[in-house]
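Participant: Enclosed is the structure file work_4.tsv (TSV, C-alpha atoms and all ligand atoms).
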```tsv
chain	number	residue	atom	x	y	z
A	1	MET	CA	1.56	-8.47	-30.88
A	2	THR	CA	3.78	-11.17	-29.39
A	3	ASP	CA	3.55	-11.92	-25.71
A	4	VAL	CA	6.06	-10.18	-23.47
A	5	TYR	CA	7.12	-11.94	-20.26
A	6	ILE	CA	8.58	-9.63	-17.62
A	7	LEU	CA	10.15	-10.87	-14.39
A	8	GLY	CA	9.48	-8.31	-11.65
A	9	ILE	CA	11.50	-8.03	-8.44
A	10	GLU	CA	10.36	-6.09	-5.34
A	11	SER	CA	12.36	-5.65	-2.12
A	12	SER	CA	11.54	-2.13	-0.91
A	13	CYS	CA	10.38	-3.00	2.61
A	14	ASP	CA	9.74	-6.30	4.39
A	15	GLU	CA	8.58	-8.49	1.52
A	16	THR	CA	10.94	-10.22	-0.88
A	17	ALA	CA	8.83	-10.74	-3.99
A	18	ALA	CA	9.22	-11.91	-7.57
A	19	ALA	CA	6.60	-12.45	-10.26
A	20	VAL	CA	6.20	-13.13	-13.95
A	21	VAL	CA	3.52	-11.08	-15.73
A	22	ARG	CA	2.56	-11.49	-19.38
A	23	SER	CA	2.15	-8.28	-21.38
A	24	GLY	CA	1.01	-6.26	-18.36
A	25	GLU	CA	-2.30	-8.12	-18.26
A	26	LYS	CA	-1.87	-11.60	-16.78
A	27	VAL	CA	-0.13	-12.78	-13.61
A	28	ILE	CA	1.69	-16.00	-14.52
A	29	SER	CA	3.37	-16.41	-11.13
A	30	ASN	CA	3.49	-14.31	-7.98
A	31	VAL	CA	5.80	-15.29	-5.09
A	32	ILE	CA	5.94	-13.29	-1.86
A	33	PHE	CA	8.22	-14.11	1.04
A	34	SER	CA	7.03	-12.07	4.00
A	35	GLN	CA	9.39	-11.18	6.83
A	36	ILE	CA	6.55	-10.10	9.12
A	37	ALA	CA	7.12	-12.88	11.66
A	38	MET	CA	10.77	-11.85	12.06
A	39	HIS	CA	9.94	-8.16	12.65
A	40	GLN	CA	6.92	-8.88	14.89
A	41	PRO	CA	8.80	-8.97	18.23
A	42	TYR	CA	10.10	-5.44	17.48
A	43	GLY	CA	6.64	-4.04	16.64
A	44	GLY	CA	7.83	-2.74	13.26
A	45	VAL	CA	10.32	-3.28	10.44
A	46	VAL	CA	13.99	-3.25	11.52
A	47	PRO	CA	15.91	-2.06	8.42
A	48	GLU	CA	19.15	-3.98	9.09
A	49	LEU	CA	17.28	-7.25	9.60
A	50	ALA	CA	15.19	-6.59	6.49
A	51	SER	CA	18.19	-6.28	4.14
A	52	ARG	CA	19.77	-9.40	5.61
A	53	GLU	CA	16.58	-11.39	5.07
A	54	HIS	CA	16.22	-10.07	1.49
A	55	LEU	CA	19.74	-11.33	0.79
A	56	ARG	CA	18.77	-14.76	2.01
A	57	ALA	CA	15.44	-14.91	0.22
A	58	ILE	CA	16.05	-13.26	-3.15
A	59	LEU	CA	17.51	-16.24	-4.99
A	60	PRO	CA	14.92	-18.87	-3.93
A	61	VAL	CA	12.05	-16.40	-4.43
A	62	VAL	CA	13.12	-15.51	-8.00
A	63	ARG	CA	13.74	-19.16	-8.85
A	64	LYS	CA	10.31	-20.13	-7.58
A	65	ALA	CA	8.64	-17.31	-9.55
A	66	LEU	CA	10.31	-18.57	-12.72
A	67	SER	CA	9.54	-22.23	-12.13
A	68	ASP	CA	5.90	-21.52	-11.13
A	69	ALA	CA	5.58	-19.65	-14.43
A	70	GLY	CA	7.25	-22.38	-16.48
A	71	GLN	CA	9.86	-19.79	-17.48
A	72	THR	CA	13.64	-19.59	-17.27
A	73	TYR	CA	16.06	-16.69	-16.92
A	74	GLN	CA	16.69	-17.02	-20.67
A	75	SER	CA	13.05	-17.15	-21.75
A	76	THR	CA	11.94	-13.92	-20.01
A	77	ASP	CA	11.99	-10.79	-22.16
A	78	ALA	CA	13.03	-8.25	-19.53
A	79	PHE	CA	13.73	-7.76	-15.82
A	80	ALA	CA	11.97	-5.08	-13.79
A	81	VAL	CA	12.94	-3.90	-10.33
A	82	THR	CA	11.72	-1.41	-7.72
A	83	GLN	CA	14.13	1.55	-7.51
A	84	GLY	CA	12.34	3.35	-4.65
A	85	PRO	CA	10.86	4.69	-2.47
A	86	GLY	CA	11.68	2.35	0.39
A	87	LEU	CA	14.52	1.25	2.68
A	88	ALA	CA	17.81	1.87	0.85
A	89	GLY	CA	19.50	-1.32	2.06
A	90	SER	CA	16.48	-3.44	1.13
A	91	LEU	CA	16.05	-1.83	-2.30
A	92	LEU	CA	19.75	-2.44	-3.05
A	93	VAL	CA	19.35	-6.20	-2.71
A	94	GLY	CA	16.72	-6.37	-5.46
A	95	ILE	CA	18.52	-3.82	-7.62
A	96	SER	CA	21.92	-5.56	-7.44
A	97	TYR	CA	20.34	-8.89	-8.29
A	98	ALA	CA	18.31	-7.49	-11.19
A	99	LYS	CA	21.36	-5.68	-12.57
A	100	ALA	CA	23.42	-8.87	-12.41
A	101	LEU	CA	20.70	-10.80	-14.27
A	102	ALA	CA	20.32	-8.16	-16.98
A	103	PHE	CA	24.08	-7.86	-17.43
A	104	ALA	CA	24.80	-11.59	-17.50
A	105	LEU	CA	21.88	-12.40	-19.80
A	106	ASP	CA	22.12	-9.23	-21.90
A	107	LYS	CA	18.44	-8.40	-21.46
A	108	PRO	CA	16.62	-5.10	-20.88
A	109	LEU	CA	16.34	-3.81	-17.32
A	110	ILE	CA	13.46	-1.56	-16.31
A	111	THR	CA	13.24	0.48	-13.09
A	112	VAL	CA	9.84	1.04	-11.47
A	113	ASN	CA	8.69	3.43	-8.76
A	114	HIS	CA	7.02	1.35	-6.01
A	115	LEU	CA	4.03	3.75	-5.92
A	116	GLU	CA	3.53	3.43	-9.67
A	117	GLY	CA	3.57	-0.32	-9.07
A	118	HIS	CA	0.65	0.00	-6.62
A	119	ILE	CA	-1.29	2.03	-9.22
A	120	HIS	CA	-0.62	-0.54	-11.95
A	121	ALA	CA	-1.79	-3.35	-9.65
A	122	VAL	CA	-5.31	-1.98	-10.19
A	123	LEU	CA	-4.83	-1.83	-13.96
A	124	LEU	CA	-3.45	-5.36	-14.00
A	125	GLU	CA	-6.44	-6.60	-12.02
A	126	GLU	CA	-8.93	-4.96	-14.38
A	127	ARG	CA	-7.16	-6.34	-17.46
A	128	GLN	CA	-7.23	-9.81	-15.95
A	129	LYS	CA	-11.01	-9.38	-15.73
A	130	GLY	CA	-11.13	-8.31	-19.38
A	131	ASN	CA	-11.78	-4.63	-18.64
A	132	TYR	CA	-9.58	-2.56	-20.98
A	133	GLU	CA	-11.67	0.58	-20.85
A	134	LEU	CA	-10.12	3.33	-18.82
A	135	ARG	CA	-11.48	6.84	-18.65
A	136	PHE	CA	-9.37	9.85	-17.72
A	137	PRO	CA	-8.88	11.99	-15.67
A	138	LEU	CA	-7.87	9.22	-13.29
A	139	LEU	CA	-7.26	9.77	-9.57
A	140	ALA	CA	-5.31	7.19	-7.55
A	141	LEU	CA	-5.20	6.99	-3.76
A	142	VAL	CA	-2.09	5.03	-2.76
A	143	VAL	CA	-2.57	4.20	0.90
A	144	SER	CA	-0.09	1.94	2.67
A	145	GLY	CA	2.23	1.64	5.64
A	146	GLY	CA	4.63	4.21	4.23
A	147	HIS	CA	2.41	6.37	2.00
A	148	THR	CA	-0.86	8.20	1.75
A	149	HIS	CA	-0.74	9.90	-1.64
A	150	LEU	CA	-3.24	11.21	-4.16
A	151	TYR	CA	-2.08	11.21	-7.79
A	152	LEU	CA	-3.74	12.45	-10.93
A	153	ALA	CA	-2.55	10.06	-13.63
A	154	GLU	CA	-2.26	10.68	-17.36
A	155	GLN	CA	-1.36	8.44	-20.25
A	156	GLN	CA	0.14	9.68	-23.50
A	157	GLY	CA	0.94	6.83	-25.84
A	158	GLU	CA	2.75	4.33	-23.64
A	159	ILE	CA	4.03	7.00	-21.25
A	160	TRP	CA	2.30	7.44	-17.92
A	161	SER	CA	2.81	10.59	-15.85
A	162	TYR	CA	1.58	11.53	-12.40
A	163	GLU	CA	0.83	14.72	-10.50
A	164	ASN	CA	0.72	14.59	-6.73
A	165	ILE	CA	-2.25	16.60	-5.41
A	166	GLY	CA	-2.24	15.29	-1.83
A	167	ARG	CA	-0.11	13.45	0.69
A	168	THR	CA	0.15	12.91	4.40
A	169	ARG	CA	1.87	15.65	6.37
A	170	ASP	CA	2.96	13.19	9.07
A	171	ASP	CA	1.99	9.52	9.56
A	172	ALA	CA	0.77	7.35	6.69
A	173	ALA	CA	-2.68	5.79	7.17
A	174	GLY	CA	-1.23	2.27	7.48
A	175	GLU	CA	1.26	3.59	10.02
A	176	ALA	CA	-1.67	4.89	12.10
A	177	PHE	CA	-3.32	1.43	11.97
A	178	ASP	CA	0.00	-0.14	13.01
A	179	LYS	CA	0.70	2.33	15.84
A	180	VAL	CA	-2.83	2.11	17.27
A	181	ALA	CA	-2.71	-1.70	17.16
A	182	LYS	CA	0.64	-1.68	18.94
A	183	LEU	CA	-0.72	0.77	21.53
A	184	LEU	CA	-3.68	-1.56	22.21
A	185	GLY	CA	-1.47	-4.66	22.54
A	186	LEU	CA	-2.70	-6.17	19.27
A	187	GLY	CA	0.72	-6.78	17.72
A	188	TYR	CA	2.13	-5.95	14.30
A	189	PRO	CA	1.08	-5.27	11.57
A	190	GLY	CA	-2.09	-3.63	12.85
A	191	GLY	CA	-4.20	-3.15	9.73
A	192	PRO	CA	-5.37	-6.72	9.15
A	193	VAL	CA	-6.23	-7.28	12.87
A	194	ILE	CA	-8.12	-3.99	13.26
A	195	ASP	CA	-9.98	-4.78	10.02
A	196	LYS	CA	-11.19	-8.10	11.47
A	197	LEU	CA	-11.97	-6.80	14.98
A	198	ALA	CA	-13.81	-3.61	13.94
A	199	PRO	CA	-17.10	-5.31	12.91
A	200	HIS	CA	-17.36	-6.64	16.51
A	201	GLY	CA	-17.40	-3.14	18.05
A	202	ASP	CA	-19.67	-0.10	17.94
A	203	ALA	CA	-18.10	2.39	15.52
A	204	THR	CA	-20.15	5.25	16.95
A	205	ALA	CA	-19.08	4.66	20.57
A	206	VAL	CA	-15.98	6.87	20.63
A	207	LYS	CA	-16.10	10.19	18.85
A	208	PHE	CA	-12.98	11.30	17.03
A	209	PRO	CA	-13.94	14.77	15.83
A	210	PRO	CA	-12.41	15.63	12.44
A	211	SER	CA	-10.22	18.19	14.25
A	212	GLN	CA	-8.40	15.26	15.90
A	213	ILE	CA	-7.31	14.16	12.46
A	214	LYS	CA	-5.06	17.12	12.80
A	215	ASN	CA	-5.25	19.96	10.34
A	216	VAL	CA	-1.63	21.09	10.05
A	217	ASP	CA	-2.49	24.54	8.82
A	218	ARG	CA	-5.46	25.52	10.91
A	219	ARG	CA	-6.02	28.76	9.06
A	220	LYS	CA	-7.16	26.86	6.00
A	221	SER	CA	-9.65	24.07	5.43
A	222	ALA	CA	-8.19	20.57	5.78
A	223	GLU	CA	-8.94	19.33	2.30
A	224	SER	CA	-8.55	22.34	0.12
A	225	GLU	CA	-5.41	24.30	0.57
A	226	GLN	CA	-4.51	26.58	-2.30
A	227	ALA	CA	-1.08	25.76	-3.77
A	228	PRO	CA	0.56	27.06	-6.96
A	229	GLY	CA	-0.61	24.03	-9.01
A	230	GLY	CA	-4.19	24.09	-7.64
A	231	PRO	CA	-5.78	23.04	-4.36
A	232	ARG	CA	-4.03	20.39	-2.27
A	233	PHE	CA	-5.78	17.55	-0.49
A	234	ASP	CA	-3.39	16.63	2.29
A	235	PHE	CA	-3.89	14.12	5.08
A	236	SER	CA	-2.63	13.97	8.67
A	237	TYR	CA	-2.87	10.98	10.99
A	238	SER	CA	-0.63	11.66	13.97
A	239	GLY	CA	-3.48	13.42	15.83
A	240	ILE	CA	-5.82	10.43	15.88
A	241	LYS	CA	-3.05	8.21	17.25
A	242	THR	CA	-2.58	10.68	20.12
A	243	ALA	CA	-6.36	10.77	20.65
A	244	VAL	CA	-6.41	6.96	21.03
A	245	LEU	CA	-3.52	7.19	23.51
A	246	ARG	CA	-5.40	9.81	25.51
A	247	TYR	CA	-8.51	7.60	25.57
A	248	VAL	CA	-6.41	4.67	26.84
A	249	GLN	CA	-4.95	6.84	29.62
A	250	THR	CA	-8.20	8.50	30.75
A	251	HIS	CA	-10.08	5.17	30.75
A	252	ASN	CA	-7.26	3.32	32.49
A	253	LEU	CA	-6.99	0.61	29.84
A	254	GLN	CA	-3.25	0.04	30.37
A	255	PRO	CA	-3.44	-3.05	32.66
A	256	SER	CA	-5.79	-4.93	30.32
A	257	ILE	CA	-3.63	-3.94	27.31
A	258	GLU	CA	-0.53	-5.33	28.99
A	259	ALA	CA	-2.32	-8.59	29.85
A	260	ARG	CA	-3.47	-8.92	26.22
A	261	ARG	CA	0.00	-8.16	24.86
A	262	GLN	CA	1.53	-10.91	26.97
A	263	ALA	CA	-1.19	-13.44	26.25
A	264	LEU	CA	-1.01	-12.88	22.47
A	265	ALA	CA	2.80	-12.97	22.48
A	266	ALA	CA	2.59	-16.51	23.84
A	267	ILE	CA	0.53	-17.68	20.84
A	268	ALA	CA	2.58	-18.44	17.73
A	269	LYS	CA	-0.05	-17.46	15.19
A	270	PRO	CA	-3.05	-15.93	16.95
A	271	ALA	CA	-6.39	-16.47	15.19
A	272	ILE	CA	-9.13	-13.84	15.24
A	273	GLU	CA	-10.87	-15.72	18.11
A	274	ASP	CA	-7.67	-15.38	20.17
A	275	TYR	CA	-7.88	-11.59	19.75
A	276	LEU	CA	-11.64	-11.48	20.37
A	277	THR	CA	-11.52	-13.42	23.65
A	278	ARG	CA	-8.85	-11.00	24.91
A	279	CYS	CA	-10.64	-7.78	23.94
A	280	ASP	CA	-13.40	-6.31	26.13
A	281	ARG	CA	-16.32	-4.34	24.73
A	282	GLN	CA	-14.68	-0.98	25.39
A	283	THR	CA	-11.58	-1.97	23.40
A	284	LEU	CA	-13.63	-3.35	20.50
A	285	ASP	CA	-15.65	-0.11	20.43
A	286	LEU	CA	-12.44	1.91	20.41
A	287	VAL	CA	-11.02	-0.18	17.54
A	288	ALA	CA	-14.23	0.14	15.51
A	289	SER	CA	-14.45	3.89	16.13
A	290	PHE	CA	-10.81	4.40	15.16
A	291	GLN	CA	-11.28	2.51	11.88
A	292	ARG	CA	-14.50	4.43	11.13
A	293	ALA	CA	-12.70	7.77	11.62
A	294	MET	CA	-9.82	6.70	9.34
A	295	VAL	CA	-12.16	5.40	6.64
A	296	GLU	CA	-14.31	8.53	6.74
A	297	ASP	CA	-11.32	10.84	6.47
A	298	LEU	CA	-9.71	8.91	3.59
A	299	THR	CA	-12.93	8.72	1.56
A	300	ARG	CA	-14.03	12.28	2.29
A	301	LYS	CA	-10.76	13.86	1.19
A	302	THR	CA	-10.27	11.58	-1.81
A	303	LEU	CA	-13.79	12.22	-3.08
A	304	ALA	CA	-13.39	15.98	-2.53
A	305	ALA	CA	-10.26	15.80	-4.72
A	306	ALA	CA	-12.12	13.68	-7.31
A	307	ARG	CA	-14.90	16.30	-7.50
A	308	ALA	CA	-12.47	19.22	-7.75
A	309	HIS	CA	-10.67	17.56	-10.67
A	310	ASN	CA	-13.76	16.18	-12.39
A	311	VAL	CA	-12.32	12.71	-12.18
A	312	ALA	CA	-13.79	9.92	-14.35
A	313	THR	CA	-12.07	6.96	-12.66
A	314	LEU	CA	-10.88	6.33	-9.12
A	315	PHE	CA	-8.20	3.81	-8.09
A	316	VAL	CA	-7.68	2.87	-4.42
A	317	THR	CA	-4.56	0.79	-3.83
A	318	GLY	CA	-1.77	-0.11	-1.36
A	319	GLY	CA	-1.89	-2.22	1.81
A	320	VAL	CA	-4.71	-0.27	3.50
A	321	ALA	CA	-6.87	-0.77	0.37
A	322	ALA	CA	-7.27	-4.35	1.61
A	323	ASN	CA	-9.52	-2.95	4.38
A	324	ASP	CA	-13.13	-4.13	4.14
A	325	GLU	CA	-14.83	-1.06	5.55
A	326	LEU	CA	-12.70	1.24	3.36
A	327	ARG	CA	-13.72	-0.68	0.23
A	328	GLN	CA	-17.39	-0.65	1.17
A	329	ARG	CA	-17.36	3.06	2.01
A	330	PHE	CA	-15.57	3.99	-1.23
A	331	GLU	CA	-17.96	1.87	-3.27
A	332	ARG	CA	-21.00	3.48	-1.65
A	333	ASP	CA	-19.82	7.09	-1.68
A	334	ALA	CA	-18.13	7.05	-5.11
A	335	ALA	CA	-21.32	5.55	-6.56
A	336	MET	CA	-23.26	8.52	-5.16
A	337	ASP	CA	-20.88	10.77	-7.12
A	338	GLY	CA	-21.19	8.55	-10.20
A	339	VAL	CA	-17.47	7.73	-10.25
A	340	PRO	CA	-16.39	4.10	-10.80
A	341	VAL	CA	-13.88	2.97	-8.16
A	342	TYR	CA	-11.44	0.08	-8.66
A	343	PHE	CA	-9.28	-1.83	-6.17
A	344	PRO	CA	-6.71	-4.58	-6.65
A	345	SER	CA	-7.63	-8.01	-5.25
A	346	ARG	CA	-6.36	-8.30	-1.67
A	347	PRO	CA	-3.15	-10.22	-2.58
A	348	LEU	CA	-2.27	-7.47	-5.08
A	349	SER	CA	-3.15	-4.65	-2.63
A	350	THR	CA	-0.20	-5.27	-0.34
A	351	ASP	CA	3.40	-5.35	-1.56
A	352	ASN	CA	4.07	-7.77	-4.43
A	353	ALA	CA	6.21	-7.99	-7.56
A	354	ALA	CA	3.41	-8.60	-10.08
A	355	MET	CA	2.57	-4.89	-9.81
A	356	ILE	CA	6.22	-4.06	-10.60
A	357	ALA	CA	6.26	-6.31	-13.69
A	358	ALA	CA	2.91	-4.83	-14.80
A	359	ALA	CA	4.08	-1.21	-14.41
A	360	ALA	CA	7.21	-2.10	-16.41
A	361	TYR	CA	5.24	-3.27	-19.47
A	362	PRO	CA	4.44	0.20	-20.93
A	363	LYS	CA	8.09	1.15	-20.33
A	364	PHE	CA	9.13	-2.00	-22.21
A	365	LEU	CA	6.96	-0.97	-25.16
A	366	ALA	CA	8.43	2.55	-25.03
A	367	ARG	CA	11.95	1.01	-24.80
A	368	ASN	CA	12.50	2.98	-21.63
A	369	PHE	CA	15.36	0.85	-20.32
A	370	ALA	CA	17.77	1.55	-17.45
A	371	GLY	CA	21.54	1.54	-17.70
A	372	MET	CA	23.77	-0.01	-15.05
A	373	ASP	CA	24.54	3.27	-13.31
A	374	PHE	CA	21.36	3.83	-11.26
A	375	SER	CA	21.08	3.17	-7.53
A	376	ALA	CA	18.40	2.79	-4.88
A	377	GLU	CA	16.47	5.98	-4.15
A	378	ALA	CA	14.88	5.83	-0.72
A	379	GLY	CA	12.86	9.00	-1.36
A	380	LEU	CA	12.10	8.51	-5.07
A	381	VAL	CA	9.31	10.87	-6.16
A	382	LEU	CA	6.58	9.71	-8.57
A	383	LYS	CA	6.11	12.09	-11.51
B	1	LIG	O1	1.50	-1.74	0.67
B	1	LIG	P1	2.02	-2.40	1.90
B	1	LIG	O2	2.09	-3.90	1.92
B	1	LIG	O3	3.47	-1.89	2.22
B	1	LIG	C1	3.86	-0.56	2.10
B	1	LIG	O4	4.22	-0.15	0.95
B	1	LIG	O5	3.78	0.13	3.14
B	1	LIG	O6	1.14	-1.86	3.13
B	1	LIG	C2	1.32	-2.33	4.44
B	1	LIG	C3	0.39	-1.55	5.35
B	1	LIG	C4	0.57	-1.82	6.83
B	1	LIG	O7	0.57	-0.60	7.53
B	1	LIG	C5	-0.65	-2.66	7.20
B	1	LIG	O8	-1.07	-2.50	8.54
B	1	LIG	C6	-1.68	-2.08	6.23
B	1	LIG	O9	-0.97	-1.85	5.04
B	1	LIG	N1	-2.78	-3.03	5.99
B	1	LIG	C7	-4.06	-2.80	6.31
B	1	LIG	C8	-4.79	-3.96	5.96
B	1	LIG	N2	-3.91	-4.87	5.43
B	1	LIG	C9	-2.68	-4.27	5.45
B	1	LIG	N3	-4.67	-1.72	6.85
B	1	LIG	C10	-5.99	-1.78	7.07
B	1	LIG	N4	-6.75	-2.87	6.78
B	1	LIG	C11	-6.20	-3.97	6.23
B	1	LIG	N5	-6.94	-5.04	5.93
B	2	ZN	ZN	3.72	-0.73	-0.87
```
What does this structure look like when you write it as structure tokens?

Facilitator:
Amino acid sequence: MTDVYILGIESSCDETAAAVVRSGEKVISNVIFSQIAMHQPYGGVVPELASREHLRAILPVVRKALSDAGQTYQSTDAFAVTQGPGLAGSLLVGISYAKALAFALDKPLITVNHLEGHIHAVLLEERQKGNYELRFPLLALVVSGGHTHLYLAEQQGEIWSYENIGRTRDDAAGEAFDKVAKLLGLGYPGGPVIDKLAPHGDATAVKFPPSQIKNVDRRKSAESEQAPGGPRFDFSYSGIKTAVLRYVQTHNLQPSIEARRQALAAIAKPAIEDYLTRCDRQTLDLVASFQRAMVEDLTRKTLAAARAHNVATLFVTGGVAANDELRQRFERDAAMDGVPVYFPSRPLSTDNAAMIAAAAYPKFLARNFAGMDFSAEAGLVLK
């Protein structure tokens, strides 16, 4: 089979990304322009600013992805773009650009669901390592700043399909990391900082009983709620955020949080030592305990779903999958159940376009091409 070079474009949130991937199995180039620094002062992504920055970045990012790959617009076989879910204005920048390229160059255009991209990041990573064996049923936990979803994935020929068997009822797991970090004066985004600070605290110091990871429907058990298609394995993370807030209030941590916020804001790019010297023991213990509770809840519910569906392979992907403790816990606990668990490398865990180009490859083989009449879908569902 001849090699297929797909140029992927991703602009669903605060990263403008483009990548060239060969035949769904090899990253040839992977360019990510992160807007994090611009959104930092606001403590989260500001949609209007995000679309404006995507407009500025899209052309140089795509050009760099092509030149890093030694490719040209003409030499690529197809263009792939994220259709959703994400911020409508941000998605539109990537979509308009990809449409223009496909139209002008008369090449196939493929639309990809961002969440399917995260799942294919794991596949891409395994293929790069030479692992082509994949056993089904396959369960994927997609855990990021906007999503906490469990999907059962199937493959028939080149066609992949997905069944959602769990999702968050309120905050996504990454959102909880971000909100807790903001609450503790640790800046934005919270996940990477909490990940690095947690090993310096005592994870058993503050107890977050499972009931604080709120069970929306208290009449039924948190992880196994009977639904028409089988049991559901839903998550809920707004309760733990409130529990951290309550801890801060009852232990009068507010003055030290404010001092830390101001001190860190004065440092352009704080290093981990800058955070450590501004965190007392109590705060480090709180951070470690919060992360432990999140990791335990994510692994417990995912593995309960894996058992219920007799899963042969587990994928854990999305920004939060970059978390060290989460990886270690999944590796340990999935091994006890005899289920192999796979993660993307850290650069492919968070948003990127290589995952979009990789997810587009089976669609290219199936000639599943998009017309010019589709638009951004902020709430696009993965099926
Ligand atoms: O996949 P992603 O880049 O964007 C979305 O699709 O949302 O995920 C970003 C999220 C943020 O909430 C960020 O705090 C979280 O992933 N994150 C982490 C880590 N790295 C990123 N959470 C925990 N530990 C990390 N190491
Ligand atoms: Zn994502």

Participant: Could you give me, as a Markdown table, every chain A residue with an atom at most 6 Å from ligand LIG 1 (chain B), plus its closest atom pair and distance in Å to one decimal, counting all atoms listed in the file, rows ordered by chain then number?

Facilitator:
```
| residue | atom | partner | partner_atom | distance |
| --- | --- | --- | --- | --- |
| A:Ser144 | CA | B:LIG1 | O6 | 4.0 |
| A:Gly145 | CA | B:LIG1 | O5 | 3.3 |
| A:Gly146 | CA | B:LIG1 | O5 | 4.3 |
| A:Gly174 | CA | B:LIG1 | O7 | 3.4 |
| A:Glu175 | CA | B:LIG1 | O7 | 4.9 |
| A:Phe177 | CA | B:LIG1 | O8 | 5.7 |
| A:Asp178 | CA | B:LIG1 | O8 | 5.2 |
| A:Pro189 | CA | B:LIG1 | O8 | 4.6 |
| A:Gly190 | CA | B:LIG1 | O8 | 4.6 |
| A:Gly191 | CA | B:LIG1 | N3 | 3.2 |
| A:Pro192 | CA | B:LIG1 | N5 | 4.0 |
| A:Asp195 | CA | B:LIG1 | N4 | 5.0 |
| A:Gly318 | CA | B:LIG1 | O1 | 4.2 |
| A:Gly319 | CA | B:LIG1 | O6 | 3.3 |
| A:Val320 | CA | B:LIG1 | N3 | 3.7 |
| A:Ala322 | CA | B:LIG1 | N5 | 4.4 |
| A:Asn323 | CA | B:LIG1 | N5 | 3.7 |
| A:Thr350 | CA | B:LIG1 | O2 | 3.5 |
| A:Asp351 | CA | B:LIG1 | O2 | 4.0 |
```

Participant: Could you give me the residues within 10 Å of ligand ZN 2 (chain B), counting only C-alpha atoms and all ligand atoms, as a list in words?

Facilitator: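 Residues satisfying the distance criterion: Glu10, Ser12, Cys13, Asp14, Glu15, Pro85, Gly86, His114, Leu115, Glu116, Gly117, His118, Val142, Val143, Ser144, Gly145, Gly146, His147, Thr317, Gly318, Gly319, Val320, Leu348, Ser349, Thr350, Asp351, Asn352 and Met355 of chain A.
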
Participant: Can you check which parts of region 35-118 of chain A lie within 12 Å of region 246-265 of chain A? Per residue, the shortest pair of atoms and distance in Å to one decimal, counting only C-alpha atoms, sorted by chain and number, as JSON lines.

Facilitator:
```
{"residue": "A:Ala37", "atom": "CA", "partner": "A:Ala265", "partner_atom": "CA", "distance": 11.7}
{"residue": "A:Gln40", "atom": "CA", "partner": "A:Ala265", "partner_atom": "CA", "distance": 9.6}
{"residue": "A:Pro41", "atom": "CA", "partner": "A:Ala265", "partner_atom": "CA", "distance": 8.4}
{"residue": "A:Tyr42", "atom": "CA", "partner": "A:Ala265", "partner_atom": "CA", "distance": 11.6}
{"residue": "A:Gly43", "atom": "CA", "partner": "A:Ala265", "partner_atom": "CA", "distance": 11.3}
```

Participant: Excluding Leu365 (chain A) and residues on its chain fewer than 6 positions from it, collect all residues at most 10 Å away from it, counting only C-alpha atoms, and give them as number ranges by chain.

Facilitator: A: 4, 23, 157-159

Participant: Rounded to one decimal in Å, what is the spacing between CA of Glu296 (chain A) and CA of Pro210 (chain A)?

Facilitator: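 Atom-to-atom, CA of Glu296 (chain A) to CA of Pro210 (chain A), that is 9.3 Å.
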
Participant: Give the answer as one residue: which of A:Asp202, A:Glu331, A:Glu377, A:Asp337 has the shortest atom-to-atom distance to Asp285 (chain A), using all atoms listed in the file?

Facilitator: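 That would be A:Asp202, the residue with the smallest distance to Asp285 (chain A).
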
Participant: Give me the residues within 8 Å of Leu380 (chain A) as a tab-separated table (two decimals) with C-alpha atoms, in the frame of the given file, counting all atoms listed in the file and dropping any in the same chain fewer than 6 places off.

Facilitator:
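That gives us around.tsv:
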```tsv
chain	number	residue	atom	x	y	z
A	83	GLN	CA	14.13	1.55	-7.51
A	84	GLY	CA	12.34	3.35	-4.65
A	85	PRO	CA	10.86	4.69	-2.47
A	113	ASN	CA	8.69	3.43	-8.76
```

Participant: My list of candidates is A:Val339, A:Val93, A:Ala266, A:Ala198. Which is closest to Arg135 (chain A) when distances are computed with all atoms listed in the file?

Facilitator: A:Val339

Participant: Taking into account only C-alpha atoms, which residue in the set A:His54, A:Arg232, A:Lys107, A:Lys269 is nearest to Ala370 (chain A)?

Facilitator: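 Under the stated criterion, the closest residue is A:Lys107.
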
Participant: At most 6 Å from (15.8, -9.9, -18.6), file frame, only C-alpha atoms: which residues, as a list in words?

Facilitator: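 The requested residues, written out, are Thr76, Asp77, Ala78, Phe79, Ala102, Lys107 and Pro108 of chain A.
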